[in-house]
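For reference, structure_4.tsv is printed below; it contains TSV, C-alpha atoms.
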chain	number	residue	atom	x	y	z
A	24	ALA	CA	0.00	0.00	0.00
A	25	GLN	CA	1.13	3.51	-0.75
A	26	LYS	CA	0.88	6.19	1.91
A	27	VAL	CA	2.22	9.70	2.32
A	28	THR	CA	2.19	11.51	5.65
A	29	GLN	CA	2.63	15.24	6.08
A	30	ALA	CA	2.36	15.68	9.82
A	31	GLN	CA	2.55	19.48	9.75
A	32	THR	CA	-0.90	20.81	8.96
A	33	GLU	CA	-0.01	24.49	9.15
A	34	ILE	CA	3.22	26.42	9.55
A	35	SER	CA	3.72	30.16	9.94
A	36	VAL	CA	7.07	31.87	9.56
A	37	VAL	CA	8.24	35.43	9.34
A	38	GLU	CA	9.62	36.54	6.01
A	39	LYS	CA	13.30	35.63	5.45
A	40	GLU	CA	13.17	32.74	7.87
A	41	ASP	CA	14.02	29.24	6.65
A	42	VAL	CA	11.32	26.58	6.85
A	43	THR	CA	11.30	22.81	6.35
A	44	LEU	CA	8.24	20.86	5.32
A	45	ASP	CA	8.28	17.21	6.30
A	46	CYS	CA	7.15	14.26	4.21
A	47	VAL	CA	7.25	10.59	5.21
A	48	TYR	CA	6.13	7.85	2.85
A	49	GLU	CA	5.35	4.15	2.80
A	50	THR	CA	5.56	1.88	-0.23
A	51	ARG	CA	6.31	-1.74	-1.10
A	52	ASP	CA	7.58	-0.83	-4.54
A	53	THR	CA	11.32	-1.08	-5.09
A	54	THR	CA	11.29	1.76	-7.58
A	55	TYR	CA	9.11	4.78	-7.19
A	56	TYR	CA	8.92	8.52	-7.65
A	57	LEU	CA	8.44	11.23	-5.07
A	58	PHE	CA	7.01	14.64	-5.87
A	59	TRP	CA	6.37	18.03	-4.36
A	60	TYR	CA	3.61	20.28	-5.65
A	61	LYS	CA	2.68	23.81	-4.64
A	62	GLN	CA	-0.96	24.95	-4.50
A	63	PRO	CA	-1.26	28.75	-4.31
A	64	PRO	CA	-4.60	30.37	-3.41
A	65	SER	CA	-5.66	30.21	-7.07
A	66	GLY	CA	-5.96	26.44	-6.67
A	67	GLU	CA	-3.81	25.12	-9.49
A	68	LEU	CA	-1.17	22.57	-8.51
A	69	VAL	CA	2.28	23.62	-9.62
A	70	PHE	CA	4.89	20.91	-10.08
A	71	LEU	CA	8.12	21.57	-8.14
A	72	ILE	CA	10.23	18.42	-8.26
A	73	ARG	CA	10.27	14.71	-9.04
A	74	ARG	CA	12.78	12.36	-7.44
A	75	ASN	CA	13.53	8.79	-8.51
A	76	SER	CA	14.04	6.30	-5.68
A	77	PHE	CA	17.43	5.38	-7.15
A	78	ASP	CA	18.74	8.88	-6.71
A	79	GLU	CA	19.31	9.96	-3.12
A	80	GLN	CA	21.31	13.04	-3.93
A	81	ASN	CA	19.94	16.19	-2.42
A	82	GLU	CA	18.78	18.82	-4.86
A	83	ILE	CA	18.87	22.58	-4.74
A	84	SER	CA	16.97	24.95	-6.98
A	85	GLY	CA	17.36	28.56	-6.00
A	86	ARG	CA	15.87	28.99	-2.54
A	87	TYR	CA	14.36	25.49	-2.62
A	88	SER	CA	16.15	22.33	-1.55
A	89	TRP	CA	15.07	18.75	-1.06
A	90	ASN	CA	16.50	16.11	1.26
A	91	PHE	CA	15.68	12.53	0.25
A	92	GLN	CA	16.59	9.84	2.79
A	93	LYS	CA	15.58	6.34	1.87
A	94	SER	CA	16.68	4.96	5.25
A	95	THR	CA	13.99	7.02	7.00
A	96	SER	CA	11.52	7.07	4.09
A	97	SER	CA	11.52	10.84	4.11
A	98	PHE	CA	11.58	13.50	1.43
A	99	ASN	CA	11.72	16.87	3.15
A	100	PHE	CA	11.49	20.25	1.48
A	101	THR	CA	13.30	23.37	2.72
A	102	ILE	CA	12.65	26.93	1.65
A	103	THR	CA	15.50	29.28	2.47
A	104	ALA	CA	14.86	32.98	3.14
A	105	SER	CA	11.11	32.58	2.76
A	106	GLN	CA	9.06	35.18	0.93
A	107	VAL	CA	5.39	36.12	1.05
A	108	VAL	CA	4.93	34.56	-2.40
A	109	ASP	CA	5.84	31.21	-0.89
A	110	SER	CA	2.56	31.21	1.03
A	111	ALA	CA	0.62	28.22	-0.28
A	112	VAL	CA	-0.33	24.65	0.48
A	113	TYR	CA	2.44	22.20	-0.33
A	114	PHE	CA	1.74	18.58	-1.20
A	115	CYS	CA	4.11	15.65	-1.17
A	116	ALA	CA	3.12	12.73	-3.42
A	117	LEU	CA	4.29	9.24	-4.34
A	118	SER	CA	3.85	7.04	-7.41
A	119	ALA	CA	5.14	3.74	-8.68
A	120	ALA	CA	7.82	4.02	-11.35
A	121	THR	CA	6.07	1.65	-13.76
A	122	GLY	CA	2.52	0.97	-14.77
A	123	ALA	CA	-0.25	3.46	-14.19
A	124	ASN	CA	1.14	6.59	-12.67
A	125	ASN	CA	-1.40	7.00	-9.91
A	126	LEU	CA	-0.28	9.68	-7.52
A	127	PHE	CA	-0.83	9.21	-3.80
A	128	PHE	CA	-0.95	12.54	-2.03
A	129	GLY	CA	-0.33	13.60	1.53
A	130	THR	CA	-2.85	15.91	3.17
A	131	GLY	CA	-0.70	18.96	2.55
A	132	THR	CA	1.03	21.60	4.68
A	133	ARG	CA	-0.29	25.15	4.62
A	134	LEU	CA	2.61	27.58	4.79
A	135	THR	CA	1.97	31.20	5.70
A	136	VAL	CA	4.83	33.66	5.37
A	137	ILE	CA	4.22	36.79	7.41
A	138	PRO	CA	5.73	40.01	6.06
B	29	ASP	CA	0.79	28.22	-25.35
B	30	GLY	CA	0.63	24.57	-24.33
B	31	GLY	CA	-1.35	23.70	-21.26
B	32	ILE	CA	-4.37	22.20	-19.58
B	33	THR	CA	-7.65	24.05	-19.44
B	34	GLN	CA	-10.64	23.29	-17.28
B	35	SER	CA	-14.06	24.83	-17.53
B	36	PRO	CA	-16.01	26.24	-15.95
B	37	LYS	CA	-14.00	27.64	-13.05
B	38	TYR	CA	-17.06	27.67	-10.78
B	39	LEU	CA	-20.10	25.45	-11.17
B	40	PHE	CA	-23.30	25.33	-9.20
B	41	ARG	CA	-25.60	22.37	-9.34
B	42	LYS	CA	-28.97	21.57	-7.92
B	43	GLU	CA	-29.38	18.26	-6.18
B	44	GLY	CA	-30.39	15.50	-8.58
B	45	GLN	CA	-28.73	17.04	-11.62
B	46	ASN	CA	-25.87	15.63	-13.62
B	47	VAL	CA	-23.09	18.06	-14.55
B	48	THR	CA	-20.10	17.69	-16.84
B	49	LEU	CA	-16.70	19.23	-16.16
B	50	SER	CA	-14.47	19.90	-19.11
B	51	CYS	CA	-10.74	19.15	-19.34
B	52	GLU	CA	-8.70	19.85	-22.47
B	53	GLN	CA	-4.96	19.63	-23.05
B	54	ASN	CA	-2.80	20.57	-26.02
B	55	LEU	CA	0.42	19.06	-24.65
B	56	ASN	CA	0.04	15.91	-26.75
B	57	HIS	CA	-0.03	13.90	-23.52
B	58	ASP	CA	-1.34	10.36	-23.65
B	59	ALA	CA	-2.56	10.00	-20.08
B	60	MET	CA	-5.19	12.09	-18.33
B	61	TYR	CA	-6.53	12.02	-14.78
B	62	TRP	CA	-9.31	13.41	-12.61
B	63	TYR	CA	-8.81	14.15	-8.92
B	64	ARG	CA	-11.10	15.42	-6.22
B	65	GLN	CA	-9.91	17.67	-3.39
B	66	ASP	CA	-11.90	18.29	-0.23
B	67	PRO	CA	-11.01	21.05	2.27
B	68	GLY	CA	-7.93	20.24	4.31
B	69	GLN	CA	-7.30	17.03	2.42
B	70	GLY	CA	-5.04	15.76	-0.29
B	71	LEU	CA	-6.16	14.82	-3.77
B	72	ARG	CA	-7.92	11.56	-4.44
B	73	LEU	CA	-8.03	9.86	-7.83
B	74	ILE	CA	-11.44	9.47	-9.49
B	75	TYR	CA	-10.62	8.13	-12.97
B	76	TYR	CA	-7.66	7.96	-15.28
B	77	SER	CA	-7.08	7.18	-18.94
B	78	GLN	CA	-3.80	6.12	-20.52
B	79	ILE	CA	-5.10	5.92	-24.07
B	80	VAL	CA	-8.05	7.03	-26.16
B	81	ASN	CA	-11.22	4.98	-25.69
B	82	ASP	CA	-9.90	3.40	-22.51
B	83	PHE	CA	-10.14	4.50	-18.88
B	84	GLN	CA	-9.83	3.00	-15.42
B	85	LYS	CA	-11.50	3.65	-12.08
B	86	GLY	CA	-9.51	5.30	-9.36
B	87	ASP	CA	-10.08	5.17	-5.63
B	88	ILE	CA	-13.40	7.08	-5.55
B	89	ALA	CA	-15.11	6.44	-8.91
B	90	GLU	CA	-18.62	5.84	-7.56
B	91	GLY	CA	-21.06	8.49	-8.77
B	92	TYR	CA	-18.77	9.68	-11.56
B	93	SER	CA	-18.36	8.81	-15.23
B	94	VAL	CA	-15.84	9.76	-17.91
B	95	SER	CA	-15.19	9.38	-21.63
B	96	ARG	CA	-12.04	9.61	-23.72
B	97	GLU	CA	-13.05	9.95	-27.34
B	98	LYS	CA	-10.18	12.26	-28.22
B	99	LYS	CA	-6.63	12.41	-26.98
B	100	GLU	CA	-7.03	16.06	-26.02
B	101	SER	CA	-10.22	15.77	-24.01
B	102	PHE	CA	-11.27	13.92	-20.85
B	103	PRO	CA	-14.64	15.19	-19.56
B	104	LEU	CA	-15.93	14.17	-16.15
B	105	THR	CA	-19.63	13.80	-15.39
B	106	VAL	CA	-20.75	14.10	-11.81
B	107	THR	CA	-23.98	12.15	-11.61
B	108	SER	CA	-26.86	12.43	-9.19
B	109	ALA	CA	-25.59	9.20	-7.64
B	110	GLN	CA	-22.64	11.07	-6.14
B	111	LYS	CA	-23.85	11.78	-2.62
B	112	ASN	CA	-21.45	14.55	-1.69
B	113	PRO	CA	-20.24	16.21	-4.88
B	114	THR	CA	-19.26	19.61	-3.48
B	115	ALA	CA	-15.49	19.75	-3.92
B	116	PHE	CA	-12.63	21.11	-5.99
B	117	TYR	CA	-11.94	19.02	-9.10
B	118	LEU	CA	-8.53	18.92	-10.73
B	119	CYS	CA	-7.61	17.44	-14.07
B	120	ALA	CA	-4.06	16.37	-14.91
B	121	SER	CA	-2.16	14.92	-17.84
B	122	SER	CA	1.18	13.22	-18.42
B	123	ILE	CA	3.27	11.55	-21.07
B	124	ASP	CA	2.85	7.79	-21.20
B	125	PHE	CA	5.68	5.78	-22.70
B	126	ARG	CA	7.51	2.50	-22.67
B	127	GLY	CA	10.91	2.47	-20.98
B	128	THR	CA	13.97	0.59	-22.18
B	129	SER	CA	12.71	-2.52	-20.43
B	130	GLY	CA	9.51	-2.40	-22.45
B	131	ARG	CA	7.42	-1.72	-19.38
B	132	ARG	CA	4.89	1.04	-19.51
B	133	ARG	CA	5.79	4.15	-17.59
B	134	THR	CA	4.18	7.48	-17.12
B	135	ASP	CA	5.83	10.79	-16.54
B	136	THR	CA	5.17	13.73	-14.24
B	137	GLN	CA	1.55	14.84	-14.02
B	138	TYR	CA	0.75	18.46	-14.79
B	139	PHE	CA	-2.46	19.98	-13.51
B	140	GLY	CA	-5.13	22.29	-14.80
B	141	PRO	CA	-6.55	25.26	-12.84
B	142	GLY	CA	-9.46	23.27	-11.40
B	143	THR	CA	-13.25	23.54	-11.21
B	144	ARG	CA	-15.00	24.31	-7.94
B	145	LEU	CA	-18.34	22.50	-7.84
B	146	THR	CA	-21.00	23.50	-5.32
B	147	VAL	CA	-24.29	21.68	-4.85
B	148	LEU	CA	-27.11	23.99	-3.82

Output the file's structure in the form of structure tokens.
Amino acid sequence: AQKVTQAQTEISVVEKEDVTLDCVYETRDTTYYLFWYKQPPSGELVFLIRRNSFDEQNEISGRYSWNFQKSTSSFNFTITASQVVDSAVYFCALSAATGANNLFFGTGTRLTVIP
Amino acid sequence: DGGITQSPKYLFRKEGQNVTLSCEQNLNHDAMYWYRQDPGQGLRLIYYSQIVNDFQKGDIAEGYSVSREKKESFPLTVTSAQKNPTAFYLCASSIDFRGTSGRRRTDTQYFGPGTRLTVL
């Protein structure tokens, strides 16, 4: 069974602070993908990153970075020097690497960045 | 511009009525998906289609129906059998291909702007 847990329901930070969003997953698949999506107030889901289970290297993209640790089944997302535009709901998701690409979503973390 | 469009943005329905939500993509993606989002929850899969004229039920297909007559279009009908249809509906699409092993694989899903359905 596939399961994604985002234990943090809501987080508030002051602008320019760093913030980490946690994601823990469960799967029996040996190969899988992990994703992060951003949902701003407009509602559309914006793709941020996809990670293959073979690749445990951390990734950095501007102020965003992702820490994938297979040993703890975690795929955490850090925003450095947060900005008001980062305010959104962030979803972590999991899919198998083959077959139908059904995404299993966590319940999301609402991030509010206070100016 | 390539993308996924959903219409209408807001939809109001009286109880007992069927309504159809539109989803169109011009990304030349093979696979399309419908998800439902309830307040404070993640997305749940309703139906998906990996090829024209074929579709599969997701986790919460009861009370919904779909068709896939064209590659670009994947409309969702919310029927009167759906007991609690008020929700935010998101459509997605992705490339579907065969990897080097010959096994079918699908790529990252990209989402449309969503339709907010309210039952009056």

Which residue out of B:Ile32, B:Val80, B:Ala109, B:Leu104 has the minimum interatomic distance to chain A when all atoms listed in the file are used?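 Ranking B:Ile32, B:Val80, B:Ala109, B:Leu104 by distance to chain A, first place goes to B:Ile32.
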
I'd like the neighbourhood of range 101-108 of chain A as a PyMOL selection string, where a residue qualifies if any of its atoms comes within 12 Å (using only C-alpha atoms), though same-chain residues fewer than 6 positions away should be ignored. chain A and resi 35-46+59+61-64+81-91+134-138

For chain B, which residues have at least one atom within 9 Å of chain A, if we go by only C-alpha atoms? Write them as a list in words, please. Ala59, Tyr61, Gly68, Gln69, Gly70, Leu71, Arg72, Leu73, Tyr76, Gln78, Gly86, Phe116, Leu118, Ser122, Asp124, Gly127, Arg131, Arg132, Arg133, Thr134, Asp135, Thr136, Gln137, Tyr138, Phe139, Gly140, Pro141 and Gly142 of chain B

Where's the centre, and what are the edge lengths in Å to one decimal, of a box along x, y and z enclosing all listed atoms of range 128-136 of chain A padded 5 Å per side, as lines of an AutoDock Vina configuration file?
center_x = 1.0
center_y = 23.1
center_z = 1.8
size_x = 17.7
size_y = 31.1
size_z = 17.7

Would you compute the distance between CA of Asp58 in chain B and CA of Tyr117 in chain B? Give it in Å to one decimal.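 Computed distance, CA of Asp58 in chain B to CA of Tyr117 in chain B, equals 20.0 Å.
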
Please identify all polymer residues within 12 Å of Val94 in chain B, counting only C-alpha atoms, omitting same-chain residues fewer than 6 positions from it, and present them as a PyMOL selection string. chain B and resi 47-51+60-62+74-77+80-86+101-107+119

Any idea what the distance is between CA of Thr143 in chain B and CA of Ser35 in chain B?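 That distance, rounded to one decimal, is 6.5 Å.
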
Find the residues near Ser108 in chain B: any atom within 9 Å, counting all atoms listed in the file, skip ones fewer than 4 places away on the same chain, and give them as an mmCIF file with C-alpha atoms, in the frame of the given file.
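Produced file around_12.cif, reproduced below:
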data_model
loop_
_atom_site.group_PDB
_atom_site.id
_atom_site.type_symbol
_atom_site.label_atom_id
_atom_site.label_comp_id
_atom_site.auth_asym_id
_atom_site.auth_seq_id
_atom_site.Cartn_x
_atom_site.Cartn_y
_atom_site.Cartn_z
ATOM 1 C CA GLU B 43 -29.380 18.260 -6.180
ATOM 2 C CA GLY B 44 -30.390 15.500 -8.580
ATOM 3 C CA GLN B 45 -28.730 17.040 -11.620
ATOM 4 C CA ASN B 46 -25.870 15.630 -13.620
ATOM 5 C CA VAL B 47 -23.090 18.060 -14.550
ATOM 6 C CA GLY B 91 -21.060 8.490 -8.770
ATOM 7 C CA TYR B 92 -18.770 9.680 -11.560
ATOM 8 C CA PRO B 113 -20.240 16.210 -4.880
#

As an exercise, work out the distance from CA of Phe98 in chain A to CA of Val47 in chain A in Å and give it to one decimal place.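 The value is 6.4 Å.
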
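You can rank B:Ala89, B:Glu100, B:Pro36, B:Gly31 by their closest distance to Tyr63 in chain B using all atoms listed in the file, and at the top of that list sits B:Ala89.
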
Nearest to Ser96 in chain A by atom-to-atom distance, counting all atoms listed in the file, from A:Leu117, A:Thr28, A:Ala111, A:Glu49: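 The closest residue to Ser96 in chain A is A:Glu49.
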
Residue neighbourhood Asp52 in chain A, 9 Å, only C-alpha atoms, exclusion window fewer than 2 positions, as a VMD selection string: chain A and resid 24 to 25 50 54 to 55 119 to 120
